[in-house]
file start.txt (compact mmCIF, C-alpha atoms and all ligand atoms)
# COMPACT_ATOMS: atom_id res chain seq x y z
CA MET A 1 114.56 63.52 170.81
CA ASP A 2 114.85 60.38 168.67
CA GLY A 3 114.16 60.34 164.98
CA ALA A 4 111.07 58.36 164.01
CA LYS A 5 111.61 55.00 162.31
CA ILE A 6 109.17 55.68 159.54
CA PRO A 7 109.39 53.13 156.70
CA VAL A 8 110.70 54.35 153.37
CA LEU A 9 108.92 52.67 150.45
CA VAL A 10 109.81 52.83 146.80
CA PHE A 11 107.21 52.77 144.02
CA SER A 12 108.55 52.35 140.56
CA GLY A 13 106.35 52.90 137.54
CA GLU A 14 106.47 49.16 136.92
CA ASP A 15 104.87 48.17 140.26
CA LEU A 16 101.98 50.45 139.48
CA ASP A 17 101.29 49.01 136.07
CA ASP A 18 97.68 47.77 136.05
CA ARG A 19 98.80 44.59 134.34
CA LYS A 20 100.81 43.77 137.47
CA ARG A 21 97.67 43.53 139.63
CA GLY A 22 97.63 40.17 141.38
CA SER A 23 101.38 39.59 140.85
CA GLU A 24 103.50 38.55 143.85
CA SER A 25 105.62 41.71 143.79
CA ARG A 26 102.52 43.91 143.70
CA LYS A 27 101.00 41.98 146.64
CA LEU A 28 104.18 42.44 148.65
CA LEU A 29 104.20 46.16 147.98
CA CYS A 30 100.50 46.56 148.89
CA ASN A 31 101.16 44.72 152.15
CA LYS A 32 104.09 47.01 152.95
CA VAL A 33 101.87 50.05 152.41
CA ARG A 34 99.18 48.62 154.66
CA GLU A 35 101.65 47.61 157.38
CA ALA A 36 103.16 51.08 157.45
CA CYS A 37 99.67 52.59 157.78
CA GLU A 38 98.75 50.12 160.55
CA THR A 39 101.95 50.58 162.52
CA HIS A 40 102.85 54.23 161.96
CA GLY A 41 99.93 55.88 160.18
CA CYS A 42 102.43 57.31 157.72
CA PHE A 43 105.36 56.43 155.48
CA LEU A 44 107.97 58.04 153.29
CA LEU A 45 107.85 57.35 149.60
CA THR A 46 110.08 57.73 146.61
CA TYR A 47 108.14 57.67 143.39
CA ASP A 48 109.73 58.13 140.00
CA LYS A 49 106.58 59.12 138.08
CA ILE A 50 106.62 62.63 139.54
CA PRO A 51 109.77 64.27 138.15
CA THR A 52 112.15 66.03 140.52
CA SER A 53 112.15 68.99 138.13
CA LEU A 54 108.39 69.43 138.63
CA ARG A 55 108.86 69.44 142.43
CA GLU A 56 111.53 72.07 142.07
CA ASP A 57 109.33 74.13 139.75
CA MET A 58 106.51 73.89 142.29
CA LEU A 59 108.74 75.16 145.10
CA VAL A 60 109.91 78.11 142.97
CA ALA A 61 106.30 78.87 141.93
CA MET A 62 105.16 78.79 145.57
CA LYS A 63 107.86 81.19 146.61
CA ALA A 64 106.60 83.66 143.99
CA LEU A 65 103.05 83.17 145.31
CA PHE A 66 104.02 83.91 148.92
CA ASP A 67 106.13 86.86 147.75
CA LEU A 68 103.01 88.59 146.39
CA PRO A 69 101.79 91.60 148.41
CA GLU A 70 99.69 90.76 151.46
CA GLU A 71 96.67 92.50 149.93
CA THR A 72 96.82 90.30 146.82
CA LYS A 73 97.13 87.08 148.84
CA SER A 74 94.24 88.16 151.08
CA LYS A 75 91.96 88.26 148.02
CA TYR A 76 91.79 84.47 148.25
CA GLN A 77 88.83 83.91 150.55
CA ASN A 78 86.82 80.70 150.54
CA PRO A 79 83.86 80.08 152.85
CA LYS A 80 84.98 76.50 153.47
CA PRO A 81 87.24 76.01 156.50
CA TYR A 82 91.03 75.68 156.03
CA ARG A 83 90.96 77.07 152.51
CA SER A 84 91.26 80.89 152.60
CA TYR A 85 94.66 82.56 152.63
CA GLN A 86 95.97 82.54 156.17
CA GLY A 87 98.83 84.67 157.31
CA LYS A 88 99.54 86.22 160.67
CA CYS A 89 97.27 83.75 162.43
CA PRO A 90 97.96 84.09 166.17
CA VAL A 91 97.78 80.30 166.70
CA VAL A 92 100.39 79.58 164.03
CA PRO A 93 102.27 82.87 163.57
CA LEU A 94 105.09 81.26 161.58
CA GLN A 95 102.81 79.76 158.95
CA GLU A 96 101.14 81.19 155.86
CA SER A 97 98.91 78.95 153.78
CA PHE A 98 96.38 78.56 150.99
CA GLY A 99 93.99 75.62 150.54
CA ILE A 100 92.77 75.36 146.97
CA ASP A 101 89.90 73.07 145.97
CA ASP A 102 89.99 70.77 143.01
CA THR A 103 93.18 72.01 141.30
CA PRO A 104 93.47 68.87 139.16
CA ARG A 105 90.52 70.42 137.30
CA LEU A 106 92.16 72.94 134.97
CA GLU A 107 89.38 75.52 135.42
CA ALA A 108 89.98 75.60 139.19
CA ALA A 109 93.74 76.05 138.75
CA LYS A 110 93.09 78.85 136.23
CA LYS A 111 90.64 80.63 138.53
CA PHE A 112 93.10 80.68 141.44
CA THR A 113 95.96 81.81 139.21
CA HIS A 114 93.85 84.60 137.72
CA LEU A 115 92.92 85.87 141.19
CA MET A 116 96.59 86.07 142.21
CA TRP A 117 97.93 87.28 138.84
CA PRO A 118 95.11 89.09 137.00
CA GLN A 119 97.64 89.93 134.27
CA GLY A 120 98.16 86.18 133.79
CA ASN A 121 100.75 83.63 134.87
CA PRO A 122 100.28 80.55 132.67
CA ALA A 123 103.49 78.94 133.96
CA PHE A 124 102.21 78.99 137.55
CA CYS A 125 98.85 77.59 136.46
CA GLU A 126 100.48 74.77 134.52
CA ILE A 127 102.74 73.79 137.46
CA LEU A 128 99.87 73.93 139.98
CA HIS A 129 97.61 71.86 137.74
CA SER A 130 100.21 69.33 136.75
CA MET A 131 101.66 68.78 140.23
CA SER A 132 98.29 68.46 141.94
CA SER A 133 96.98 66.08 139.23
CA LYS A 134 99.99 63.82 139.65
CA MET A 135 99.74 63.90 143.44
CA LEU A 136 96.02 63.09 143.32
CA GLU A 137 96.74 60.13 141.07
CA LEU A 138 99.40 58.98 143.54
CA ASN A 139 96.99 59.48 146.44
CA PHE A 140 94.35 57.27 144.77
CA THR A 141 96.98 54.69 143.84
CA ILE A 142 97.96 54.37 147.51
CA LEU A 143 94.31 54.08 148.60
CA GLU A 144 93.74 51.35 146.02
CA MET A 145 96.82 49.48 147.27
CA ILE A 146 95.41 49.58 150.79
CA PHE A 147 92.05 48.24 149.60
CA GLU A 148 93.80 45.56 147.57
CA SER A 149 95.82 44.49 150.57
CA PHE A 150 92.64 44.13 152.62
CA GLY A 151 91.22 42.02 149.77
CA MET A 152 88.39 44.45 149.09
CA GLU A 153 86.37 44.39 145.92
CA GLU A 154 86.16 47.54 143.87
CA LYS A 155 82.75 48.58 145.18
CA HIS A 156 84.41 49.60 148.42
CA TYR A 157 86.46 52.21 146.61
CA ASP A 158 83.41 54.44 146.26
CA ALA A 159 83.44 56.84 149.22
CA LEU A 160 87.21 57.19 149.34
CA VAL A 161 88.16 57.22 145.67
CA ARG A 162 85.28 57.64 143.22
CA GLU A 163 83.27 60.01 145.39
CA SER A 164 86.33 61.95 146.33
CA THR A 165 87.55 65.41 145.61
CA SER A 166 90.77 67.14 146.63
CA VAL A 167 92.32 70.12 148.33
CA PHE A 168 95.83 71.25 147.47
CA ARG A 169 97.47 73.09 150.37
CA VAL A 170 100.58 75.22 149.97
CA MET A 171 102.43 76.32 153.10
CA LYS A 172 105.30 78.57 154.06
CA TYR A 173 106.88 78.58 157.52
CA LYS A 174 109.13 81.39 158.70
CA SER A 175 112.18 80.57 160.77
CA PRO A 176 111.51 81.21 164.47
CA ARG A 177 112.90 84.30 166.10
CA ARG A 178 112.91 82.68 169.53
CA GLU A 179 113.31 79.05 170.47
CA ASP A 180 110.17 79.06 172.60
CA GLU A 181 108.13 80.29 169.64
CA ASN A 182 109.03 77.56 167.22
CA LEU A 183 105.69 75.81 166.62
CA GLY A 184 104.99 75.91 162.89
CA LEU A 185 101.76 73.95 162.95
CA VAL A 186 99.81 72.67 165.94
CA ALA A 187 99.44 68.94 166.60
CA HIS A 188 96.52 67.45 164.67
CA THR A 189 95.30 64.47 162.73
CA ASP A 190 94.24 65.08 159.15
CA LYS A 191 90.45 64.73 158.85
CA ASN A 192 90.36 63.63 155.21
CA ALA A 193 91.19 60.15 153.85
CA LEU A 194 94.85 60.35 152.81
CA THR A 195 97.43 63.13 152.50
CA VAL A 196 100.52 63.21 150.29
CA LEU A 197 103.04 65.89 151.29
CA CYS A 198 106.19 67.28 149.77
CA GLN A 199 108.64 69.80 151.25
CA ASN A 200 111.78 71.76 150.49
CA ASP A 201 114.99 70.75 152.25
CA VAL A 202 114.04 72.28 155.59
CA GLN A 203 112.90 69.61 158.05
CA GLY A 204 110.34 70.22 160.78
CA LEU A 205 107.64 67.56 160.55
CA GLU A 206 107.14 65.50 163.71
CA VAL A 207 104.84 62.56 164.43
CA ILE A 208 103.75 61.13 167.75
CA SER A 209 104.80 57.56 168.54
CA LYS A 210 102.53 54.91 170.08
CA GLU A 211 104.24 55.66 173.40
CA GLY A 212 103.27 59.31 173.06
CA HIS A 213 106.69 60.78 172.23
CA TRP A 214 107.20 63.37 169.53
CA GLU A 215 109.65 62.15 166.91
CA GLU A 216 111.27 64.10 164.10
CA VAL A 217 110.64 62.78 160.61
CA ALA A 218 113.78 63.06 158.50
CA VAL A 219 112.27 63.36 155.05
CA PRO A 220 114.85 62.30 152.42
CA LYS A 221 115.36 64.71 149.55
CA ASP A 222 112.84 63.91 146.82
CA ALA A 223 110.61 61.80 149.08
CA PHE A 224 106.91 62.26 149.70
CA VAL A 225 105.31 61.87 153.11
CA VAL A 226 102.05 59.90 153.13
CA ILE A 227 99.71 60.38 156.10
CA VAL A 228 96.53 58.46 157.01
CA GLY A 229 93.59 60.71 157.94
CA ASP A 230 90.52 60.20 160.12
CA ALA A 231 88.22 59.16 157.23
CA LEU A 232 90.50 56.26 156.28
CA LYS A 233 91.01 55.29 159.91
CA ALA A 234 87.24 55.10 160.40
CA TRP A 235 86.71 53.18 157.14
CA SER A 236 89.36 50.64 158.23
CA ASN A 237 87.57 50.11 161.56
CA GLY A 238 90.51 51.66 163.37
CA ARG A 239 93.08 49.27 161.89
CA LEU A 240 94.95 52.11 160.22
CA VAL A 241 96.30 54.86 162.45
CA ALA A 242 95.50 58.52 161.79
CA VAL A 243 98.83 59.68 163.16
CA LYS A 244 99.03 62.94 165.07
CA HIS A 245 101.64 65.29 163.59
CA ARG A 246 102.91 68.86 163.89
CA VAL A 247 105.61 71.13 162.50
CA VAL A 248 108.40 72.52 164.68
CA MET A 249 110.76 75.05 163.13
CA LYS A 250 114.49 75.34 163.79
CA GLY A 251 117.35 77.18 162.18
CA ASP A 252 117.22 80.20 159.97
CA LYS A 253 115.78 78.86 156.72
CA GLU A 254 112.21 79.10 155.54
CA ARG A 255 110.29 75.89 155.09
CA TYR A 256 107.93 75.37 152.17
CA SER A 257 105.60 72.40 151.89
CA PHE A 258 102.63 71.41 149.76
CA GLY A 259 100.11 68.64 150.18
CA LEU A 260 97.37 66.95 148.25
CA PHE A 261 94.49 65.95 150.50
CA SER A 262 91.94 63.50 149.10
CA VAL A 263 88.60 64.41 150.64
CA PRO A 264 85.32 62.46 150.45
CA LYS A 265 82.76 64.54 148.50
CA GLU A 266 79.70 66.20 149.97
CA GLY A 267 77.26 63.36 150.65
CA ALA A 268 79.85 60.53 150.66
CA ILE A 269 79.29 58.07 153.49
CA ILE A 270 82.13 56.43 155.38
CA GLU A 271 81.12 52.91 156.35
CA VAL A 272 83.25 50.07 157.68
CA PRO A 273 83.09 47.12 155.24
CA CYS A 274 81.75 43.98 156.96
CA GLN A 275 84.99 42.12 156.07
CA LEU A 276 86.85 44.35 158.52
CA VAL A 277 84.59 43.46 161.46
CA ASP A 278 85.10 40.21 163.41
CA ASN A 279 85.50 39.02 166.99
CA GLU A 280 88.96 40.45 167.24
CA HIS A 281 87.93 43.70 165.58
CA PRO A 282 84.46 44.68 166.84
CA LEU A 283 82.79 47.53 164.98
CA LEU A 284 84.23 50.85 166.21
CA TYR A 285 82.47 53.40 163.98
CA ARG A 286 78.91 53.83 162.78
CA PRO A 287 78.35 54.89 159.15
CA PHE A 288 78.55 58.67 158.83
CA LYS A 289 78.56 61.39 156.22
CA PHE A 290 82.11 62.71 155.96
CA ALA A 291 80.89 66.30 155.44
CA ASP A 292 78.86 66.13 158.68
CA TYR A 293 81.87 64.87 160.60
CA PHE A 294 84.00 67.67 159.17
CA SER A 295 81.43 70.31 160.21
CA TYR A 296 81.26 68.74 163.65
CA PHE A 297 85.05 68.94 163.95
CA VAL A 298 85.18 72.56 162.83
CA SER A 299 82.72 73.66 165.49
CA ASN A 300 83.96 71.36 168.29
CA ILE A 301 87.69 71.19 167.68
CA SER A 302 88.89 68.28 169.80
CA ASP A 303 91.51 65.54 169.59
CA ASP A 304 88.78 62.96 170.09
CA ALA A 305 86.36 64.35 167.53
CA LEU A 306 86.17 61.13 165.51
CA GLU A 307 85.54 58.92 168.55
CA ILE A 308 82.94 61.30 169.96
CA TYR A 309 81.18 61.85 166.63
CA ALA A 310 81.23 58.40 165.06
CA GLY A 311 82.37 55.97 167.76
CA VAL A 312 79.82 53.24 168.60
O1 LIG B 1 103.92 71.26 156.42
C1 LIG B 1 103.88 70.07 156.66
O2 LIG B 1 104.82 69.32 156.41
C2 LIG B 1 102.66 69.46 157.31
C3 LIG B 1 101.36 70.09 156.92
C4 LIG B 1 100.18 69.42 157.54
O3 LIG B 1 100.28 68.55 158.38
C5 LIG B 1 98.81 69.81 157.14
O4 LIG B 1 98.65 70.80 156.39
O5 LIG B 1 97.84 69.13 157.56
FE FE B 2 98.41 67.49 158.62
call {"tool": "encode", "arguments": {"input": "start.txt", "output": "structure tokens", "more": "lines below"}}
Ligand SMILES: O=C(O)CCC(=O)C(=O)O
Ligand SMILES: [Fe+2]
result
Amino acid sequence: MDGAKIPVLVFSGEDLDDRKRGSESRKLLCNKVREACETHGCFLLTYDKIPTSLREDMLVAMKALFDLPEETKSKYQNPKPYRSYQGKCPVVPLQESFGIDDTPRLEAAKKFTHLMWPQGNPAFCEILHSMSSKMLELNFTILEMIFESFGMEEKHYDALVRESTSVFRVMKYKSPRREDENLGLVAHTDKNALTVLCQNDVQGLEVISKEGHWEEVAVPKDAFVVIVGDALKAWSNGRLVAVKHRVVMKGDKERYSFGLFSVPKEGAIIEVPCQLVDNEHPLLYRPFKFADYFSYFVSNISDDALEIYAGV
């Protein structure tokens, strides 16, 4: 199997300075982001505003979370899909995960921490809150760069940025006992707008190429992986690719990853801006409520859910 040629972009604090909006270097960077999302549906990113020490703290904190007794972890139940604690799921037996809503809001981070550590664990709460806040900010920054590159005015930011909330997912993958049981996470596209992921030094992420081959993504140490989801693909009239990805485990080390998913809020409508429709790009998706699409997906899990639900 070949490694994927996923672009590696570098954001320095300076490029992101608001005063740089409209500058040539900022335009170039926004175009690189858009091109990566058009060609690959994902990119790798080094970003100096999230300290390496915080990433390391997060990985240590997650290990402590997954080391809690099964009965404590199972207390985290959330009626929304893909949130509750999942372990020993027959479809993904190597994976354990939590999906926590709105952790950049301190109260939400506190509530989750209290459920897991009723005696208190302020250090965990602080790391969870701080990391997810920084990753949400990065997520929105990337979305804004994409809009800027398409020449969109700010009003188009509504459904994907202003009316957006977030889910922070933390994941642990066991090493496989047998080579034919090495699937860590089944192939899928993310349904939300944009995902920013981070992992320990155990590789395993794979993306599908345009030709339909699975390719390993070699994530450099300290890099983030940015993935386009269905909501952003639909908004862009199909110009950005919601890349299919999966996790395949090898070797004898455990893999830990965490991701910040920006999710359009209940009621937010995804609508293709008229600037993205022309003769070469006929309208592909009708306006739809993101929450309705998500419910549709959950009850009719299919690779073509977006096309079936919102395709014109
Ligand atoms: O663990 C990873 O690197 C990928 C996780 C993922 O794709 C997801 O949670 O949607
Ligand atoms: Fe994913």
call {"tool": "residues_near_ligand", "arguments": {"input": "start.txt", "ligand": "ligand FE 2 (chain B)", "cutoff": "8 Å", "atoms": "only C-alpha atoms and all ligand atoms", "output": "count of residues only"}}
result
8
call {"tool": "closest_atom_pairs", "arguments": {"input": "start.txt", "of": "chain A", "to": "ligand LIG 1 (chain B)", "cutoff": "10 Å", "atoms": "only C-alpha atoms and all ligand atoms", "output": "CSV"}}
result
residue,atom,partner,partner_atom,distance
A:Tyr82,CA,B:LIG1,O4,9.1
A:Gln95,CA,B:LIG1,O1,8.9
A:Ser97,CA,B:LIG1,O4,8.6
A:Phe98,CA,B:LIG1,O4,9.7
A:Gly99,CA,B:LIG1,O4,8.9
A:Phe168,CA,B:LIG1,O4,9.4
A:Arg169,CA,B:LIG1,O4,6.5
A:Val170,CA,B:LIG1,O4,8.0
A:Met171,CA,B:LIG1,O1,6.2
A:Lys172,CA,B:LIG1,O1,7.8
A:Tyr173,CA,B:LIG1,O1,8.0
A:Gly184,CA,B:LIG1,O1,8.0
A:Leu185,CA,B:LIG1,C3,7.2
A:Val186,CA,B:LIG1,O3,8.6
A:Ala187,CA,B:LIG1,O3,8.3
A:His188,CA,B:LIG1,O3,7.4
A:Thr189,CA,B:LIG1,O5,7.4
A:Asp190,CA,B:LIG1,O5,5.6
A:Lys191,CA,B:LIG1,O5,8.7
A:Asn192,CA,B:LIG1,O5,9.6
A:Thr195,CA,B:LIG1,O5,7.9
A:Val196,CA,B:LIG1,C4,9.6
A:Leu197,CA,B:LIG1,O2,6.4
A:Cys198,CA,B:LIG1,O2,7.1
A:Gln199,CA,B:LIG1,O2,6.4
A:Asn200,CA,B:LIG1,O2,9.5
A:Val202,CA,B:LIG1,O2,9.7
A:Gln203,CA,B:LIG1,O2,8.2
A:Gly204,CA,B:LIG1,O2,7.1
A:Leu205,CA,B:LIG1,O2,5.3
A:Glu206,CA,B:LIG1,O2,8.6
A:Val207,CA,B:LIG1,O3,9.7
A:Val217,CA,B:LIG1,O2,9.7
A:Val219,CA,B:LIG1,O2,9.6
A:Phe224,CA,B:LIG1,O2,10.0
A:Val225,CA,B:LIG1,O2,8.2
A:Ile227,CA,B:LIG1,O3,8.5
A:Gly229,CA,B:LIG1,O5,9.4
A:Lys244,CA,B:LIG1,O3,8.8
A:His245,CA,B:LIG1,O3,6.3
A:Arg246,CA,B:LIG1,O3,6.1
A:Val247,CA,B:LIG1,C1,6.2
A:Val248,CA,B:LIG1,O1,9.5
A:Arg255,CA,B:LIG1,O1,8.0
A:Tyr256,CA,B:LIG1,O1,7.1
A:Ser257,CA,B:LIG1,O1,5.0
A:Phe258,CA,B:LIG1,O1,6.8
A:Gly259,CA,B:LIG1,O4,6.7
A:Leu260,CA,B:LIG1,O4,9.1
A:Phe261,CA,B:LIG1,O5,8.4
call {"tool": "closest_residue", "arguments": {"input": "start.txt", "among": "A:Thr103, A:Thr52, A:Gln275, A:Ser236", "to": "Leu160 of chain A", "atoms": "only C-alpha atoms"}}
result
A:Ser236
call {"tool": "residues_around", "arguments": {"input": "start.txt", "residues": "Lys289 of chain A", "least_positions_apart": "3", "cutoff": "9 Å", "atoms": "all atoms listed in the file", "output": "PDB file with C-alpha atoms, in the coordinates of the input"}}
result
ATOM      1  CA  PRO A 264      85.320  62.460 150.450  1.00  0.00           C
ATOM      2  CA  GLU A 266      79.700  66.200 149.970  1.00  0.00           C
ATOM      3  CA  GLY A 267      77.260  63.360 150.650  1.00  0.00           C
ATOM      4  CA  ALA A 268      79.850  60.530 150.660  1.00  0.00           C
ATOM      5  CA  ILE A 269      79.290  58.070 153.490  1.00  0.00           C
ATOM      6  CA  ILE A 270      82.130  56.430 155.380  1.00  0.00           C
ATOM      7  CA  GLU A 271      81.120  52.910 156.350  1.00  0.00           C
ATOM      8  CA  ASP A 292      78.860  66.130 158.680  1.00  0.00           C
ATOM      9  CA  TYR A 293      81.870  64.870 160.600  1.00  0.00           C
ATOM     10  CA  PHE A 294      84.000  67.670 159.170  1.00  0.00           C
TER      11      PHE A 294
END
call {"tool": "closest_residue", "arguments": {"input": "start.txt", "among": "A:Pro104, A:Gly251, A:Gly238, A:Gly22", "to": "Leu284 of chain A", "atoms": "only C-alpha atoms"}}
result
A:Gly238
call {"tool": "atom_distance", "arguments": {"input": "start.txt", "atom1": "atom CA of Arg26 of chain A", "atom2": "atom CA of Arg162 of chain A"}}
result
22.0 Å
call {"tool": "axis_aligned_box", "arguments": {"input": "start.txt", "around": "segment 50-69 of chain A", "padding_each_side": "3 Å", "output": "AutoDock Vina command-line options"}}
result
--center_x 107.0 --center_y 77.1 --center_z 143.5 --size_x 16.4 --size_y 35.0 --size_z 16.8
call {"tool": "residues_around", "arguments": {"input": "start.txt", "residues": "Asn237 of chain A", "least_positions_apart": "5", "cutoff": "8 Å", "atoms": "all atoms listed in the file", "output": "NGL selection string"}}
result
:A and (272 or 276-277 or 281 or 283-285)
call {"tool": "residues_around", "arguments": {"input": "start.txt", "residues": "Lys27 of chain A", "least_positions_apart": "2", "cutoff": "12 Å", "atoms": "only C-alpha atoms", "output": "PDB file with C-alpha atoms, in the coordinates of the input"}}
result
ATOM      1  CA  ASP A  15     104.870  48.170 140.260  1.00  0.00           C
ATOM      2  CA  LEU A  16     101.980  50.450 139.480  1.00  0.00           C
ATOM      3  CA  LYS A  20     100.810  43.770 137.470  1.00  0.00           C
ATOM      4  CA  ARG A  21      97.670  43.530 139.630  1.00  0.00           C
ATOM      5  CA  GLY A  22      97.630  40.170 141.380  1.00  0.00           C
ATOM      6  CA  SER A  23     101.380  39.590 140.850  1.00  0.00           C
ATOM      7  CA  GLU A  24     103.500  38.550 143.850  1.00  0.00           C
ATOM      8  CA  SER A  25     105.620  41.710 143.790  1.00  0.00           C
ATOM      9  CA  LEU A  29     104.200  46.160 147.980  1.00  0.00           C
ATOM     10  CA  CYS A  30     100.500  46.560 148.890  1.00  0.00           C
ATOM     11  CA  ASN A  31     101.160  44.720 152.150  1.00  0.00           C
ATOM     12  CA  LYS A  32     104.090  47.010 152.950  1.00  0.00           C
ATOM     13  CA  VAL A  33     101.870  50.050 152.410  1.00  0.00           C
ATOM     14  CA  ARG A  34      99.180  48.620 154.660  1.00  0.00           C
ATOM     15  CA  GLU A 144      93.740  51.350 146.020  1.00  0.00           C
ATOM     16  CA  MET A 145      96.820  49.480 147.270  1.00  0.00           C
ATOM     17  CA  ILE A 146      95.410  49.580 150.790  1.00  0.00           C
ATOM     18  CA  PHE A 147      92.050  48.240 149.600  1.00  0.00           C
ATOM     19  CA  GLU A 148      93.800  45.560 147.570  1.00  0.00           C
ATOM     20  CA  SER A 149      95.820  44.490 150.570  1.00  0.00           C
ATOM     21  CA  PHE A 150      92.640  44.130 152.620  1.00  0.00           C
ATOM     22  CA  GLY A 151      91.220  42.020 149.770  1.00  0.00           C
TER      23      GLY A 151
END
